[in-house]
Amino acid sequence: MFLLELAVVILAILMGTRSSGVGLGLWGGTGVAVLVFGFQLAPGAIPLSAIIIVLAVVLSASVMQQAGGIDWMVSIAAKAISKNPKMITFVAPLIAFLFSVGAGTSNILYPLLPVIKDVAYQNGIRPSRPLSLSVVATGVALAASPVSAAMAAMIGFTSAYGFELINIVMVTLPAAVIGIILTAFVVNKLGKDLADDPEVQAKIAAGEIPAPGGAAAQADQARVAKLEARGKTAQAAKAASKAPTADAAAPLPEPTVAGRNAALLFFSGVLAIVVFGLFPGFRPPFGAETTMGMSELIPVIMFVVGTLIILVARPKVSEIPTSSVFKAGMVSAIALFGLAWLTSTFLDAHADVIRDGVGGLILQAPWVFALGVFLVCVLTTSQSTATNTAVPIALAAGMPLGLLSGMWAGAFAGIYLLPTNGSQIAAANFDTSGSTKLGTKLVDHSFFVPTLVLAVTTIAAGSVIGLLTGMF
């Protein structure tokens with residue numbers, strides 16, 4: 001019966017993965033129905049705290065986006081990247097990571113991709129290096145963000161053990177930063193330099209892209225000279241010079257004062273969450289020994305932040321539900337609902353078996369947990385799904401919480417092992433030099449090595465930091 005019920009759980013997850021989106025939640029709920037009606041299991045606990053956190057955070061972030069907050073953040077990030085062109089393989093991934101941590105979403109990376117590509121190419125740096133690592137870095141960022149859906153799910157599981165948001169971030173944030181820096185050294189050596197790459201040089205010779213370091217005017221002059229050499233008239237050549245080059249980047253969104261105010265208010269809310277996590281004495285008291293828990297405090301802060309943004313920045317409230325952050329967040333909440341309910345129903349019914357069997361294996365070889373999270377991320381491209389699937393099993397096994405957090409963060413890089421994610425496709429499309437590739441064999445794309453290296457380095461750093469924090 002145990003194996004049959006496990007098969008139901010796995011089948012529901014696989015079917016949800018094939019459906020993607022809200023299908024994950026629907027198939028999770030259907031799995032609960034099969035376990036309850038077919039196998040007479042008691043329904044598990046619905047992850048209400050995690051769902052409420054996701055809804056509150058998504059709502060506040062959506063208000064910020066509608067007010068122009070994300071556009072303002074993108075403009076600031078773009079300026080920071082452009083100021084350090086020679087170190088872009090290190091700077092761009094770290095900036096993409098930090099802004100994803102603050103916003104709680106990796107969507108902020110999309111407008112930055114052409115900026116990263118242009119700055120790298122114009123300085124003679126192979127664009128695939130900073131582009132690939134910047135994309136992968138946003139994956140582990142959600143394990144360090146106080147306002148990501150994955151973190152909400154994690155808090156929902158670990159808070160019962162007295163391991164709250166600040167405890168998790170103290171492990172995941174430094175581990176991810178260390179992992180990104182170490183990975184940047186490796187990525188900085190991947191692929192041929194532009195001067196030695198025959199494909200890039202052939203495109204330059206054919207006039208398809210300008211030479212590195214040249215301004216747009218230089219590219220236009222080269223195109224004019226080429227047209228004149230073919231016998232075109234000067235008038236035709238002049239007209240052609242005004243046409244946009246293939247290397248032109250999409251314009252950045254225009255920052256506004258309202259967007260700046262919205263972003264600063266949102267970051268103030270994130271900072272307040274961190275402060276309340278660090279200093280429990282600041283939380284509202286209930287009686288002599290009880291204070292407000294973070295699972296209740298986070299939604300309260302996010303609701304207040306969203307309200308302040310509406311009052312100060314005055315976004316169109318009616319358009320908030322149509323924002324990309326709102327839509328993606330609602331999908332995450334639905335997936336969290338169904339999948340977490342499914343796993344809790346199964347785990348509650350077989351806690352002893354899992355603790356003694358699978359749990360024993362995880363305790364003897366903790367890397368099994370990291371591998372499990374990594375593989376679920378690969379199959380579902382969802383950090384929340386991986387959290388809901390693997391973390392309860394590790395907790396039931398008694399895995400040290402610091403070690404669990406460190407491995408959990410690094411394994412999030414797995415969502416980019418296969419070239420199927422939107423940001424990977426966008427990065428390849430923006431890179432007109434052709435150095436960023438999606439490949440044809442699933443393992444020959446530009447993101448494969450950065451994904452593996454970042455996962456290993458972050459897991460290693462997270463394991464050490466997690467074990468050290470557990471000793472104090």
# chains A, B, ... in the order shown; residues from 1 in each chain; ligands from 1
>>> select_by_dssp(residues="region 284-344 of chain A", states="strand (DSSP E)", output="ChimeraX atom specification")
/A:285-286,290-291
>>> residues_around(residues="Val187 (chain A)", least_positions_apart="5", cutoff="12 Å", atoms="only C-alpha atoms", output="PyMOL selection string")
chain A and resi 88-90+93+125-134+136+179-182+192+446-454
>>> write_last_selection(atoms="C-alpha atoms", output="CSV table (one decimal), in the first residue's frame")
chain,number,residue,atom,x,y,z
A,88,ILE,CA,31.0,42.3,-16.0
A,89,THR,CA,31.3,38.5,-15.6
A,90,PHE,CA,31.4,39.1,-11.9
A,93,PRO,CA,25.5,38.1,-12.0
A,125,ILE,CA,34.1,40.2,-23.6
A,126,ARG,CA,32.3,37.1,-24.8
A,127,PRO,CA,28.6,37.9,-24.0
A,128,SER,CA,27.8,34.3,-23.1
A,129,ARG,CA,29.9,34.5,-20.0
A,130,PRO,CA,28.0,37.2,-18.0
A,131,LEU,CA,24.7,36.3,-19.6
A,132,SER,CA,24.7,32.7,-18.7
A,133,LEU,CA,25.8,33.2,-15.1
A,134,SER,CA,23.4,36.2,-14.6
A,136,VAL,CA,21.5,31.0,-13.4
A,179,GLY,CA,28.9,30.3,-5.1
A,180,ILE,CA,28.4,33.1,-7.7
A,181,ILE,CA,31.9,34.5,-7.2
A,182,LEU,CA,33.6,31.1,-7.5
A,192,LYS,CA,36.8,31.3,-27.0
A,446,SER,CA,25.8,27.9,-22.6
A,447,PHE,CA,24.0,27.5,-19.2
A,448,PHE,CA,24.9,23.8,-18.6
A,449,VAL,CA,28.3,24.3,-17.0
A,450,PRO,CA,27.4,27.5,-15.0
A,451,THR,CA,24.4,25.6,-13.6
A,452,LEU,CA,26.4,22.6,-12.4
A,453,VAL,CA,29.3,24.7,-11.0
A,454,LEU,CA,27.0,27.2,-9.2
>>> closest_atom_pairs(of="region 368-416 of chain A", to="region 143-152 of chain A", cutoff="10 Å", atoms="only C-alpha atoms", output="tab-separated table")
residue	atom	partner	partner_atom	distance
A:Ser382	CA	A:Ala150	CA	8.6
A:Gln383	CA	A:Ala150	CA	5.8
A:Ser384	CA	A:Ala150	CA	4.4
A:Thr385	CA	A:Ala150	CA	8.1
A:Ala386	CA	A:Ala150	CA	8.6
A:Thr387	CA	A:Ala150	CA	6.7
A:Asn388	CA	A:Ala150	CA	8.6
A:Ser405	CA	A:Ala143	CA	8.5
A:Gly406	CA	A:Ala143	CA	9.1
A:Trp408	CA	A:Ala143	CA	7.5
A:Ala409	CA	A:Ala143	CA	5.1
A:Gly410	CA	A:Ala143	CA	8.4
A:Ala411	CA	A:Ala143	CA	9.6
A:Phe412	CA	A:Ala143	CA	7.5
>>> write_last_selection(atoms="C-alpha atoms", output="short mmCIF file (atom, residue, chain, number, x, y, z; two decimals), in the first residue's frame")
data_model
loop_
_atom_site.label_atom_id
_atom_site.label_comp_id
_atom_site.auth_asym_id
_atom_site.auth_seq_id
_atom_site.Cartn_x
_atom_site.Cartn_y
_atom_site.Cartn_z
CA SER A 382 9.92 25.51 -10.09
CA GLN A 383 11.75 26.19 -6.83
CA SER A 384 8.45 26.16 -4.93
CA THR A 385 7.59 22.70 -6.24
CA ALA A 386 11.01 21.39 -5.27
CA THR A 387 10.62 22.87 -1.79
CA ASN A 388 7.21 21.34 -1.24
CA SER A 405 18.99 25.37 4.10
CA GLY A 406 22.44 25.55 2.52
CA TRP A 408 18.35 23.75 -0.59
CA ALA A 409 19.71 27.06 -1.87
CA GLY A 410 22.39 25.58 -4.12
CA ALA A 411 20.08 22.98 -5.63
CA PHE A 412 17.82 25.76 -6.95
#
>>> residues_around(residues="Trp341 (chain A)", least_positions_apart="3", cutoff="7 Å", atoms="only C-alpha atoms", output="list in words")
Gly44, Ala45, Ile46, Pro47, Phe337, Gly338, Ser344 and Thr345 of chain A
>>> write_last_selection(atoms="C-alpha atoms", output="mmCIF file, in the first residue's frame")
data_model
loop_
_atom_site.group_PDB
_atom_site.id
_atom_site.type_symbol
_atom_site.label_atom_id
_atom_site.label_comp_id
_atom_site.auth_asym_id
_atom_site.auth_seq_id
_atom_site.Cartn_x
_atom_site.Cartn_y
_atom_site.Cartn_z
ATOM 1 C CA GLY A 44 -2.917 16.413 5.526
ATOM 2 C CA ALA A 45 -2.630 19.963 6.778
ATOM 3 C CA ILE A 46 -3.283 22.666 4.192
ATOM 4 C CA PRO A 47 -0.243 25.026 4.072
ATOM 5 C CA PHE A 337 -1.666 24.719 -2.368
ATOM 6 C CA GLY A 338 -2.090 21.497 -4.313
ATOM 7 C CA SER A 344 1.593 16.454 3.654
ATOM 8 C CA THR A 345 -1.226 13.915 3.219
#
>>> closest_residue(among="A:Ser60, A:Gln122, A:Gln66, A:Gln424", to="Thr256 (chain A)", atoms="only C-alpha atoms")
A:Gln66
>>> select_by_dssp(residues="region 294-381 of chain A", states="alpha helix (DSSP H)", output="PyMOL selection string")
chain A and resi 294-313+324-349+351-356+358-364+367-380
>>> residues_around(residues="region 4-15 of chain A", least_positions_apart="6", cutoff="6 Å", atoms="only C-alpha atoms", output="PyMOL selection string")
chain A and resi 27-28+31
>>> residues_around(residues="Leu404 (chain A)", least_positions_apart="6", cutoff="12 Å", atoms="only C-alpha atoms", output="CSV table (one decimal) with N, CA and C atoms, in the first residue's frame")
chain,number,residue,atom,x,y,z
A,143,ALA,N,16.2,31.6,-3.0
A,143,ALA,CA,16.4,31.0,-1.7
A,143,ALA,C,17.0,31.9,-0.7
A,154,MET,N,9.2,27.5,2.4
A,154,MET,CA,10.2,27.1,3.3
A,154,MET,C,9.9,27.5,4.8
A,157,PHE,N,7.4,25.4,6.5
A,157,PHE,CA,7.8,24.1,7.0
A,157,PHE,C,8.8,24.2,8.2
A,158,THR,N,9.7,25.2,8.2
A,158,THR,CA,10.7,25.3,9.2
A,158,THR,C,10.3,26.1,10.5
A,163,PHE,N,13.0,27.6,13.4
A,163,PHE,CA,14.0,28.0,12.4
A,163,PHE,C,13.2,29.0,11.4
A,167,ASN,N,17.1,33.0,10.1
A,167,ASN,CA,18.0,31.8,10.2
A,167,ASN,C,18.3,31.2,8.8
A,168,ILE,N,17.3,31.2,8.0
A,168,ILE,CA,17.5,30.7,6.6
A,168,ILE,C,18.4,31.6,5.8
A,171,VAL,N,22.1,31.7,6.2
A,171,VAL,CA,22.8,30.6,5.5
A,171,VAL,C,22.8,30.8,4.0
A,172,THR,N,21.7,31.0,3.5
A,172,THR,CA,21.5,31.0,2.0
A,172,THR,C,22.2,32.2,1.3
A,362,ILE,N,19.1,9.9,4.0
A,362,ILE,CA,19.4,11.3,4.0
A,362,ILE,C,20.4,11.7,5.1
A,363,LEU,N,20.2,11.2,6.3
A,363,LEU,CA,21.1,11.5,7.4
A,363,LEU,C,22.5,10.9,7.1
A,366,PRO,N,23.7,13.3,3.2
A,366,PRO,CA,22.9,14.5,3.0
A,366,PRO,C,22.8,14.9,1.5
A,367,TRP,N,23.8,14.6,0.7
A,367,TRP,CA,23.8,15.0,-0.7
A,367,TRP,C,22.6,14.4,-1.4
A,368,VAL,N,22.0,13.4,-0.9
A,368,VAL,CA,20.8,12.8,-1.5
A,368,VAL,C,19.7,13.8,-1.5
A,369,PHE,N,19.6,14.6,-0.4
A,369,PHE,CA,18.5,15.6,-0.4
A,369,PHE,C,18.8,16.7,-1.4
A,370,ALA,N,20.1,17.1,-1.5
A,370,ALA,CA,20.4,18.2,-2.5
A,370,ALA,C,20.1,17.7,-3.9
A,371,LEU,N,20.5,16.4,-4.1
A,371,LEU,CA,20.2,15.9,-5.5
A,371,LEU,C,18.7,15.8,-5.8
A,372,GLY,N,18.0,15.5,-4.7
A,372,GLY,CA,16.5,15.4,-4.9
A,372,GLY,C,15.9,16.7,-5.3
A,373,VAL,N,16.3,17.8,-4.6
A,373,VAL,CA,15.8,19.1,-4.8
A,373,VAL,C,16.3,19.6,-6.2
A,387,THR,N,10.7,22.7,-3.2
A,387,THR,CA,10.6,22.9,-1.8
A,387,THR,C,9.5,22.0,-1.2
A,390,ALA,N,10.5,18.0,-1.5
A,390,ALA,CA,11.7,17.4,-0.8
A,390,ALA,C,11.9,17.9,0.6
A,391,VAL,N,11.6,19.1,1.0
A,391,VAL,CA,11.9,19.6,2.3
A,391,VAL,C,11.2,18.9,3.4
A,392,PRO,N,9.8,18.6,3.2
A,392,PRO,CA,9.2,17.9,4.3
A,392,PRO,C,9.8,16.5,4.6
A,393,ILE,N,10.3,15.8,3.6
A,393,ILE,CA,10.9,14.5,3.8
A,393,ILE,C,12.2,14.7,4.7
A,394,ALA,N,13.0,15.7,4.3
A,394,ALA,CA,14.3,16.0,5.1
A,394,ALA,C,14.0,16.4,6.5
A,395,LEU,N,12.9,17.2,6.7
A,395,LEU,CA,12.6,17.6,8.0
A,395,LEU,C,12.1,16.4,8.9
A,396,ALA,N,11.3,15.5,8.2
A,396,ALA,CA,10.8,14.3,8.9
A,396,ALA,C,12.0,13.4,9.3
A,397,ALA,N,13.1,13.5,8.5
A,397,ALA,CA,14.2,12.6,8.8
A,397,ALA,C,15.1,13.2,9.9
A,398,GLY,N,14.9,14.5,10.3
A,398,GLY,CA,15.7,15.1,11.3
A,398,GLY,C,17.0,15.7,10.8
A,410,GLY,N,21.6,25.9,-3.0
A,410,GLY,CA,22.4,25.6,-4.1
A,410,GLY,C,21.7,24.7,-5.2
A,411,ALA,N,20.8,23.9,-4.7
A,411,ALA,CA,20.1,23.0,-5.6
A,411,ALA,C,19.1,23.7,-6.5
A,459,ILE,N,26.1,24.7,-2.8
A,459,ILE,CA,25.8,23.6,-1.9
A,459,ILE,C,26.9,23.4,-0.9
A,460,ALA,N,28.2,23.4,-1.4
A,460,ALA,CA,29.3,23.2,-0.6
A,460,ALA,C,29.5,24.4,0.5
A,462,GLY,N,27.1,26.5,1.4
A,462,GLY,CA,25.9,26.4,2.3
A,462,GLY,C,26.0,25.3,3.3
A,463,SER,N,26.6,24.2,3.0
A,463,SER,CA,26.7,23.1,3.9
A,463,SER,C,27.6,23.5,5.1
A,464,VAL,N,28.8,24.1,4.7
A,464,VAL,CA,29.7,24.6,5.7
A,464,VAL,C,29.1,25.7,6.6
A,465,ILE,N,28.5,26.7,6.0
A,465,ILE,CA,27.9,27.8,6.8
A,465,ILE,C,26.8,27.2,7.6
A,466,GLY,N,25.9,26.4,7.0
A,466,GLY,CA,24.8,25.8,7.8
A,466,GLY,C,25.3,25.0,9.0
A,467,LEU,N,26.3,24.2,8.8
A,467,LEU,CA,26.8,23.4,9.9
A,467,LEU,C,27.4,24.3,11.0
A,469,THR,N,26.7,27.5,11.7
A,469,THR,CA,25.6,28.2,12.4
A,469,THR,C,24.9,27.3,13.4
A,470,GLY,N,24.8,26.0,13.0
A,470,GLY,CA,24.1,25.1,13.9
A,470,GLY,C,24.9,24.8,15.2
>>> residues_around(residues="region 53-57 of chain A", least_positions_apart="3", cutoff="12 Å", atoms="only C-alpha atoms", output="ChimeraX atom specification")
/A:47-50,60-64,102-105,145-156,266-267,269-270,273,294-307,321,325-337,384
>>> residues_around(residues="Gln40 (chain A)", least_positions_apart="4", cutoff="12 Å", atoms="only C-alpha atoms", output="ChimeraX atom specification")
/A:1,5,32-36,345-346,349
>>> write_last_selection(atoms="N, CA and C atoms", output="CSV table (one decimal), in the first residue's frame")
chain,number,residue,atom,x,y,z
A,1,MET,N,0.8,-1.2,0.0
A,1,MET,CA,0.0,0.0,0.0
A,1,MET,C,0.9,1.3,0.0
A,5,GLU,N,0.6,4.1,-2.8
A,5,GLU,CA,0.3,5.5,-2.5
A,5,GLU,C,1.5,6.5,-2.9
A,32,VAL,N,-4.6,14.3,-3.8
A,32,VAL,CA,-5.1,14.2,-2.4
A,32,VAL,C,-6.5,13.5,-2.5
A,33,ALA,N,-7.3,13.7,-3.5
A,33,ALA,CA,-8.6,13.0,-3.6
A,33,ALA,C,-8.4,11.5,-3.7
A,34,VAL,N,-7.4,11.1,-4.5
A,34,VAL,CA,-7.2,9.7,-4.7
A,34,VAL,C,-6.7,9.0,-3.4
A,35,LEU,N,-5.8,9.7,-2.6
A,35,LEU,CA,-5.3,9.2,-1.4
A,35,LEU,C,-6.4,9.1,-0.3
A,36,VAL,N,-7.3,10.1,-0.3
A,36,VAL,CA,-8.3,10.2,0.7
A,36,VAL,C,-9.4,9.2,0.4
A,345,THR,N,-0.3,15.0,3.0
A,345,THR,CA,-1.2,13.9,3.2
A,345,THR,C,-0.5,12.6,3.2
A,346,PHE,N,0.5,12.5,2.3
A,346,PHE,CA,1.3,11.2,2.2
A,346,PHE,C,2.2,11.1,3.4
A,349,ALA,N,0.8,10.3,6.9
A,349,ALA,CA,0.3,8.9,7.0
A,349,ALA,C,1.5,7.9,7.2
>>> closest_residue(among="A:Ala365, A:Val378, A:Ala77, A:Val353", to="Leu3 (chain A)", atoms="only C-alpha atoms")
A:Val353
>>> atom_distance(atom1="CA of Pro285 (chain A)", atom2="CA of Ser268 (chain A)")
22.2 Å
>>> atom_distance(atom1="CA of Gly29 (chain A)", atom2="CA of Leu339 (chain A)")
7.1 Å
